[in-house]
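Encoded as structure tokens, the structure appears first; notes follow it.
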Amino acid sequence: MSTNVKNYREIFFEETYEHLAEVEAGLLGLEDHPEDTGLLDQVFRGIHSIKGGAATFGVDAVAGFSHSLENHLDKLRAGEIQNDPESSEAMLRSVDCLRALVEAALEDSAPDDETKKSIDEITAVLTQRGSTDTVAHAGEPAPQGDTSVATTTWRIVFAPGPEAFQNGLDPTLIWRELDGLGELTVRLNDEKLPDLENLNPTECCLAWEATLVTDTPKDEIEQAFFFHADDSNLVIEPTDSTAATQAPTRQTFGDWLVQRKVVTAAQMLKALDLQYKNRLPVGQLALREGAMNVDQVFETLEWGSANGERFGETAISRGFLTADSLAKLLDLQVRELPSLCEALIEVEAASPEVLEQQQREYREAGGAVSQGEEFAAPKQSAEQEHKPTATKPASHETLTLAVNMEMLRQNSELIGDFLSDCREHLEEAERQALQMESDATSEEQLHALYRAFHTIKGVASFVGLTQITELAHAAEDVLNLAREGQLCLTGEPFELVLASLDSLRRLADDVPNMLQCEESPPADTKALQLMYNLQAVATGEPTGQTVPVAANTESANQAAAAVPTGTTPVESAQATPASGSADPAEASTPGKPKSHGHEMKETVRVDRSRLDQLVDMIGELVIGEAMVRQEVAELQGETEVESVAQLGRTVRELQEMSLSLRMVPIAATFQKMHRIVRDVSRKLGKQVRFEVEGEETELDKTMVDQLGDPLMHMVRNAVDHGIEMPDERTAAGKPAEGHVVLSAYLRNGNFFIELTDDGKGLDREKILQKAVERGVVQPADAETMPDADVWMLVFAPGFSTAAVVTDVSGRGVGMDVVKRAIEALNGSIEVESAKGQGSVFRVRLPLTMAIVDGLSVSLGEETFILPLVSVIESVRPQGNEVKTIVGRGEVVQVREETIPLVRLHRVFNRPARELDPSRALVVIVESDGRRLAVLVDELLGQVQAVMKSLETNYEKVPGIAGATILGNGEVAFILDVQGIAKLHASTKCGRAPTCEPTIESTQKESE
């Protein structure tokens, strides 16, 4: 397999996973909104794209199965069958089967038996639905014998472009797909095949002619050529013998006008071409509607230009648009299509009065006027007459203004991103151009140079930068001739292309000032001259003639005449006061800026690995700053040095800024839970409405990536154990449909995830009974155990109250996984529940794991850090407030609350200065909804620690979350509060040993 084909095959697999995600989302949406044809179209397009790609790359199992799914969806779209729950379930199962088939193809292995069995079951269900509904629609048994569907004989001519083989064309796959539609006869046309000496094995010089007898409609036949239609000559037409049997098509208003000889066919074609050219590009609509940003449009245009793909196709494959959002943009494009009548008037084919009369007669004759044919009297002011459209190419004779101010103001927030990307493309184009100077025949550099101009032209047209669009378009035409071998890019053509790079850079630099103008400045005369010369080269005309200046508007003409050599349009606008004005500052020239120094927002794309490295280096900088602060404090005493304080503030800001760069929304993880709820509720026979809130809330990406599994177990648990069966809910006075809400929010510097359900809540008696049976809780303690402690028992390993073990739950594994995963992220979880009303599972996480805000404490000669997120308060108890309870260890009375005392020196078997709590300090911390009193020698203050993983560099240590380097260069351990609670419980409830080490005893032993 060639490298090109291998790369395309890899892209196909990546895009297939994206299509499957869109199909799954569309199927889930159809269950709630079965009447939504947009969702059905989204699902159909996704399956169709998968089928086409799979057939192209020989993944026959995927192509065959997706073809059967496509047929079912096509019947749904045509209204021939109805979508019932069983077929909807089968379609969702088909997504899982397609994933399994794709994974098998990736590994070059056959699908497993379970997948094959599922595919057979799905096919049987869909086939049954299709045949049953067809009979029902017919009202009688299926026709037999000669009464079958009439067939059509199609003539097909397929002549691929020269680069078709390089783009992955395998014609045998196309003919194989068509052969499955009917009787196919194919003949090879090798008339253009050169002799062996002149043969280029990478170019396609072949064509094919075929005859297909089938009952398949033309649009489905065209889909076999979907991936190769753009760069090929394709003809699909019925033969003379069957042309007469084709169903009559609706006579359009355009056909009506030509038939009645109101306009000629040539005039109609000219008007249709104008209508098409004046349509709003999909990229411009995507920017306007907020569906894409400038970076994404740039990348889409660049990728599409390099790979010969359409804008929408590339935007979906790159993940910038979903199939549904593209469909909405295309629908919007059709709705905003300029009227055909306006185009006919503009090409002077007919007058408005004649068209209005003809359309009235057309309606009276039963004709239906489409949206693009609707008559509307032209409403164009004199001011608008000189403004070129965003996409219609303007020649040097019509271009008078530098920008379209209306569009520029509408897209002002995007200009900064455009300029940033534009400069990157100009720099890359200049580099490629200079390399071409030494090798004018280099196709790689030529294609890269062409793509740069093409991309700049496309995005500039979207935001209203008219002159940049037209200059890039003129250079692009010259480069395209070079690509086709009709022009050698040396000498004057090369110099003109190089000069256009400088001119584009200059025009781009002027854009921020143009935003401050009241009206558009005139077009730059130097750029106009350059455009004229480029167009002359493209058409074979002589260059060097003076560009004719358009005179559409008097103000633009005057301003253009006032432009001195080397002066930009904006500068000329500033220097040319209005006639009669004594003060140039009060002049009202069309291009007069309202203010100066407008700053544009710019963006830079950075690899994630570099970003992670930056965060790590800033972490080291934080440690270095702490060391400097420590050394200065030792030299200066308590006197604060302002420069050190300023350094600390700067490092802190830098640290916060770097961490914010890794923050991403939680939306993608939340979105996956929809399918979990849907599948589990269907399997259990429950009715559940699932909602998400706060999905735009941001969290460190490394943490977001690890939240999928714990959230999945929590959601499954809520549907399985929380939500009751419909009849139980109805009997309890609740709606039959349960309600599960997954939400995210920020509070007090922490990230919270809440899972709420309105189910039956947790059963205290049942949980305690199971806990006593397993020996987790002593019977004597069960009655007095607080609710919060009881709820935390559900997270114990192997703990489950399910009476029956199913494939959904009952093994006591899921919630244990949740707790361990949350603890690994330095987070905590708490539960609230009310019997018969529902439960709330609340997860609290730090915003990032790279930096820990903590409380520094001392124990003997060592320093430990308690995460500030777990710290409640610190106290020094009185002697009578510390008591020992038989069988439970020591406790501390803090106001009205009794809290277990954890002697940190016993947990880690380290010496301490003070063993008496009344002379030491107690830090109250919270773990899993329970509070602990941690005994330490002294509080050293609040610190911000850069956490290093012990597990990565050494091994996992119980009770230790990580380590950090202090300002004095010493290593301090960051404590794991949950782990300390477990270690405390394992040291015989904290009872003191026969001999307890202190600093003094340790020193005597060493002596």
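Letters A, B, ... mark the chains of the structure tokens in the order given; residue numbers begin at 1 per chain; ligand numbers begin at 1, in order shown.
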
For Glu765 (chain A), please output as a PDB file with N, CA and C atoms, in the first residue's frame all residues within 10 Å (counting only C-alpha atoms; exclusion window: fewer than 3 positions along the same chain).
```pdb
ATOM      1  N   LEU A 762     -31.412   6.561  49.196  1.00  0.00           N
ATOM      2  CA  LEU A 762     -30.679   5.450  49.793  1.00  0.00           C
ATOM      3  C   LEU A 762     -31.458   4.896  50.993  1.00  0.00           C
ATOM      4  N   LEU A 768     -27.096  -0.569  56.307  1.00  0.00           N
ATOM      5  CA  LEU A 768     -26.510  -0.991  57.588  1.00  0.00           C
ATOM      6  C   LEU A 768     -26.593  -2.505  57.763  1.00  0.00           C
ATOM      7  N   GLN A 769     -27.699  -3.093  57.339  1.00  0.00           N
ATOM      8  CA  GLN A 769     -27.836  -4.543  57.443  1.00  0.00           C
ATOM      9  C   GLN A 769     -26.735  -5.254  56.655  1.00  0.00           C
ATOM     10  N   LYS A 770     -26.496  -4.750  55.435  1.00  0.00           N
ATOM     11  CA  LYS A 770     -25.454  -5.351  54.601  1.00  0.00           C
ATOM     12  C   LYS A 770     -24.074  -5.108  55.208  1.00  0.00           C
ATOM     13  N   ALA A 771     -23.880  -3.917  55.782  1.00  0.00           N
ATOM     14  CA  ALA A 771     -22.590  -3.596  56.375  1.00  0.00           C
ATOM     15  C   ALA A 771     -22.305  -4.458  57.597  1.00  0.00           C
ATOM     16  N   ALA A 782     -24.281   0.594  64.745  1.00  0.00           N
ATOM     17  CA  ALA A 782     -25.172   0.842  63.617  1.00  0.00           C
ATOM     18  C   ALA A 782     -26.240   1.876  63.928  1.00  0.00           C
ATOM     19  N   GLU A 783     -26.822   1.816  65.146  1.00  0.00           N
ATOM     20  CA  GLU A 783     -27.934   2.700  65.469  1.00  0.00           C
ATOM     21  C   GLU A 783     -27.508   4.159  65.576  1.00  0.00           C
ATOM     22  N   VAL A 790     -23.175   6.588  56.955  1.00  0.00           N
ATOM     23  CA  VAL A 790     -23.880   5.441  56.360  1.00  0.00           C
ATOM     24  C   VAL A 790     -23.830   5.520  54.844  1.00  0.00           C
TER      25      VAL A 790
END
```

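Excluding Glu914 (chain A) itself and same-chain residues fewer than 2 positions from it, the residues having an atom within 9 Å of it are Leu859, Gly860, Ala912, Asp916, Pro917, Arg919, Ala920, Val936, Asp937, Thr998 and Ile999 of chain A, counting only C-alpha atoms.
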
Emit the selected residues as a PDB file, in the first residue's frame, including N, CA, C and O atoms.
```pdb
ATOM      1  N   LEU A 859       6.138  18.540  62.075  1.00  0.00           N
ATOM      2  CA  LEU A 859       6.057  17.367  62.943  1.00  0.00           C
ATOM      3  C   LEU A 859       7.494  16.967  63.240  1.00  0.00           C
ATOM      4  O   LEU A 859       8.181  16.427  62.387  1.00  0.00           O
ATOM      5  N   GLY A 860       7.947  17.271  64.467  1.00  0.00           N
ATOM      6  CA  GLY A 860       9.350  17.073  64.779  1.00  0.00           C
ATOM      7  C   GLY A 860      10.187  18.024  63.953  1.00  0.00           C
ATOM      8  O   GLY A 860       9.949  19.233  63.921  1.00  0.00           O
ATOM      9  N   ALA A 912       7.831  13.356  67.427  1.00  0.00           N
ATOM     10  CA  ALA A 912       7.116  14.631  67.533  1.00  0.00           C
ATOM     11  C   ALA A 912       7.675  15.425  68.695  1.00  0.00           C
ATOM     12  O   ALA A 912       8.221  14.870  69.652  1.00  0.00           O
ATOM     13  N   ASP A 916       1.226  16.087  73.918  1.00  0.00           N
ATOM     14  CA  ASP A 916       0.032  16.563  74.612  1.00  0.00           C
ATOM     15  C   ASP A 916      -0.746  17.494  73.684  1.00  0.00           C
ATOM     16  O   ASP A 916      -0.253  18.579  73.326  1.00  0.00           O
ATOM     17  N   PRO A 917      -1.971  17.133  73.261  1.00  0.00           N
ATOM     18  CA  PRO A 917      -2.744  17.982  72.342  1.00  0.00           C
ATOM     19  C   PRO A 917      -2.990  19.381  72.876  1.00  0.00           C
ATOM     20  O   PRO A 917      -3.117  20.328  72.095  1.00  0.00           O
ATOM     21  N   ARG A 919      -0.955  21.265  74.316  1.00  0.00           N
ATOM     22  CA  ARG A 919       0.216  22.127  74.087  1.00  0.00           C
ATOM     23  C   ARG A 919       0.638  22.127  72.614  1.00  0.00           C
ATOM     24  O   ARG A 919       1.517  22.897  72.230  1.00  0.00           O
ATOM     25  N   ALA A 920       0.057  21.264  71.824  1.00  0.00           N
ATOM     26  CA  ALA A 920       0.320  21.247  70.383  1.00  0.00           C
ATOM     27  C   ALA A 920      -0.862  21.910  69.657  1.00  0.00           C
ATOM     28  O   ALA A 920      -1.584  22.722  70.249  1.00  0.00           O
ATOM     29  N   VAL A 936      -0.587  18.019  65.185  1.00  0.00           N
ATOM     30  CA  VAL A 936       0.713  18.417  64.646  1.00  0.00           C
ATOM     31  C   VAL A 936       1.417  19.293  65.679  1.00  0.00           C
ATOM     32  O   VAL A 936       0.802  19.750  66.653  1.00  0.00           O
ATOM     33  N   ASP A 937       2.696  19.537  65.477  1.00  0.00           N
ATOM     34  CA  ASP A 937       3.446  20.363  66.423  1.00  0.00           C
ATOM     35  C   ASP A 937       3.166  21.852  66.239  1.00  0.00           C
ATOM     36  O   ASP A 937       2.977  22.597  67.210  1.00  0.00           O
ATOM     37  N   THR A 998       9.692  10.530  70.853  1.00  0.00           N
ATOM     38  CA  THR A 998       9.677  11.989  70.813  1.00  0.00           C
ATOM     39  C   THR A 998      11.016  12.448  70.285  1.00  0.00           C
ATOM     40  O   THR A 998      11.932  11.645  70.082  1.00  0.00           O
ATOM     41  N   ILE A 999      11.144  13.759  70.086  1.00  0.00           N
ATOM     42  CA  ILE A 999      12.419  14.296  69.607  1.00  0.00           C
ATOM     43  C   ILE A 999      13.536  13.973  70.587  1.00  0.00           C
ATOM     44  O   ILE A 999      14.631  13.554  70.224  1.00  0.00           O
TER      45      ILE A 999
END
```

- Message: Which residues are close to Gln655 (chain A), i.e. within 8 Å by only C-alpha atoms, leaving aside same-chain residues fewer than 6 positions away? Reply as a ChimeraX atom specification.
- Response: /A:615,618-619,622

How would the residues just picked look written out with N, CA and C atoms as a PDB file, in the first residue's frame?
```pdb
ATOM      1  N   VAL A 615       3.989  24.706  31.642  1.00  0.00           N
ATOM      2  CA  VAL A 615       3.429  24.647  32.988  1.00  0.00           C
ATOM      3  C   VAL A 615       4.426  24.040  33.965  1.00  0.00           C
ATOM      4  N   ILE A 618       7.148  26.615  34.736  1.00  0.00           N
ATOM      5  CA  ILE A 618       6.658  27.663  35.633  1.00  0.00           C
ATOM      6  C   ILE A 618       6.549  27.115  37.047  1.00  0.00           C
ATOM      7  N   GLY A 619       6.227  25.820  37.173  1.00  0.00           N
ATOM      8  CA  GLY A 619       6.240  25.189  38.488  1.00  0.00           C
ATOM      9  C   GLY A 619       7.621  25.249  39.118  1.00  0.00           C
ATOM     10  N   VAL A 622       8.212  28.676  40.374  1.00  0.00           N
ATOM     11  CA  VAL A 622       7.573  28.911  41.673  1.00  0.00           C
ATOM     12  C   VAL A 622       8.474  28.419  42.804  1.00  0.00           C
TER      13      VAL A 622
END
```

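Of the listed residues A:Gly312, A:Gly962, A:Gly838, A:Pro710, the one whose atoms come nearest to Leu330 (chain A) is A:Gly312, with distances taken using only C-alpha atoms.
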
- In terms of the shortest atom-to-atom distance over only C-alpha atoms, which of A:Val102, A:Thr214, A:Ser87, A:Leu92 is closest to Leu27 (chain A)?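 Closest candidate: A:Leu92.
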
- Message: Among region 838-914 of chain A, which ones does DSSP assign to strand (DSSP E or B) (computed from the backbone)? Answer as an MDAnalysis selection string.
- Response: chainID A and resid 838:846 851:859 862:867 871:875 882:885 889:894 897:903 912

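For the residues A:Pro877, A:Arg187, A:Phe298, A:Phe13, ranking by smallest atom-to-atom distance to Glu107 (chain A) using only C-alpha atoms places A:Phe13 first.
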
- Task: One decimal, Å: what's the distance from CA of Ala933 (chain A) over to CA of Val891 (chain A), could you say?
- Result: 8.1 Å

- Item | Residues near Glu237 (chain A), cut-off 8 Å, only C-alpha atoms, skip fewer than 4 positions along chain, as a list in words |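 Contacts, in chain order: Trp154, Arg155 and Ile156 of chain A.
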
- Looking at only C-alpha atoms, which of A:Val478, A:Met673, A:Met627, A:Ile865 is the one that sits closest to Gln942 (chain A)? A:Ile865

- Message: Which residue is closest to Leu465 (chain A)? Choose from A:Leu504, A:Ala452, A:Ala499, A:Val843 and count only C-alpha atoms.
- Response: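 Using only C-alpha atoms, the shortest distance to Leu465 (chain A) belongs to A:Leu504.
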
- Message: Applying 10 Å and only C-alpha atoms, which residues near Asp179 (chain A) remain after dropping the ones on its own chain fewer than 6 positions away? List them as a count of residues only.
- Response: 6

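A straight line drawn from CA of Phe158 (chain A) to CA of Leu234 (chain A) is 4.8 Å long.
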
- Task: Considering only C-alpha atoms, state which residue in the set A:Arg423, A:Arg913, A:Arg318, A:Arg363 is at the smallest distance from Glu938 (chain A).
- Result: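 Of the candidates, the smallest distance to Glu938 (chain A) is held by A:Arg913.
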
- Message: If I take CA of Glu484 (chain A) and CA of Thr202 (chain A), how far is one from the other in Å, to one decimal?
- Response: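 Computing it gives 15.5 Å between the two atoms.
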
Contacts of Leu975 (chain A) within 9 Å, only C-alpha atoms, excl. fewer than 4 positions in-chain, as an mmCIF file with N, CA, C and O atoms, in the first residue's frame:
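The result, stored in out19.cif:
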```cif
data_model
loop_
_atom_site.group_PDB
_atom_site.id
_atom_site.type_symbol
_atom_site.label_atom_id
_atom_site.label_comp_id
_atom_site.auth_asym_id
_atom_site.auth_seq_id
_atom_site.Cartn_x
_atom_site.Cartn_y
_atom_site.Cartn_z
ATOM 1 N N PHE A 864 5.228 18.870 56.689
ATOM 2 C CA PHE A 864 4.206 18.249 55.860
ATOM 3 C C PHE A 864 3.235 19.334 55.379
ATOM 4 O O PHE A 864 3.140 20.400 55.991
ATOM 5 N N ILE A 865 2.528 19.023 54.299
ATOM 6 C CA ILE A 865 1.566 19.981 53.739
ATOM 7 C C ILE A 865 0.202 19.314 53.650
ATOM 8 O O ILE A 865 0.059 18.246 53.048
ATOM 9 N N LEU A 866 -0.794 19.947 54.264
ATOM 10 C CA LEU A 866 -2.182 19.493 54.183
ATOM 11 C C LEU A 866 -2.887 20.278 53.067
ATOM 12 O O LEU A 866 -2.841 21.518 53.079
ATOM 13 N N PRO A 867 -3.521 19.606 52.092
ATOM 14 C CA PRO A 867 -4.246 20.341 51.038
ATOM 15 C C PRO A 867 -5.293 21.266 51.647
ATOM 16 O O PRO A 867 -6.110 20.846 52.462
ATOM 17 N N GLY A 959 -1.091 7.350 52.384
ATOM 18 C CA GLY A 959 -1.176 8.575 53.173
ATOM 19 C C GLY A 959 -0.436 9.751 52.574
ATOM 20 O O GLY A 959 -0.531 10.864 53.091
ATOM 21 N N ILE A 960 0.314 9.534 51.475
ATOM 22 C CA ILE A 960 1.090 10.599 50.839
ATOM 23 C C ILE A 960 0.578 10.802 49.416
ATOM 24 O O ILE A 960 0.552 9.863 48.617
ATOM 25 N N ALA A 961 0.150 12.034 49.096
ATOM 26 C CA ALA A 961 -0.350 12.335 47.759
ATOM 27 C C ALA A 961 0.765 12.697 46.798
ATOM 28 O O ALA A 961 0.663 12.486 45.595
ATOM 29 N N GLY A 962 1.853 13.259 47.319
ATOM 30 C CA GLY A 962 2.969 13.671 46.482
ATOM 31 C C GLY A 962 4.003 14.389 47.317
ATOM 32 O O GLY A 962 3.969 14.338 48.557
ATOM 33 N N ALA A 963 4.922 15.057 46.648
ATOM 34 C CA ALA A 963 5.979 15.776 47.355
ATOM 35 C C ALA A 963 6.240 17.100 46.658
ATOM 36 O O ALA A 963 5.850 17.293 45.503
ATOM 37 N N GLY A 979 -6.146 8.879 52.699
ATOM 38 C CA GLY A 979 -5.198 7.826 53.051
ATOM 39 C C GLY A 979 -4.834 7.844 54.520
ATOM 40 O O GLY A 979 -4.660 6.786 55.148
ATOM 41 N N ILE A 980 -4.728 9.023 55.098
ATOM 42 C CA ILE A 980 -4.416 9.139 56.534
ATOM 43 C C ILE A 980 -5.545 8.561 57.370
ATOM 44 O O ILE A 980 -5.317 7.886 58.386
#
```
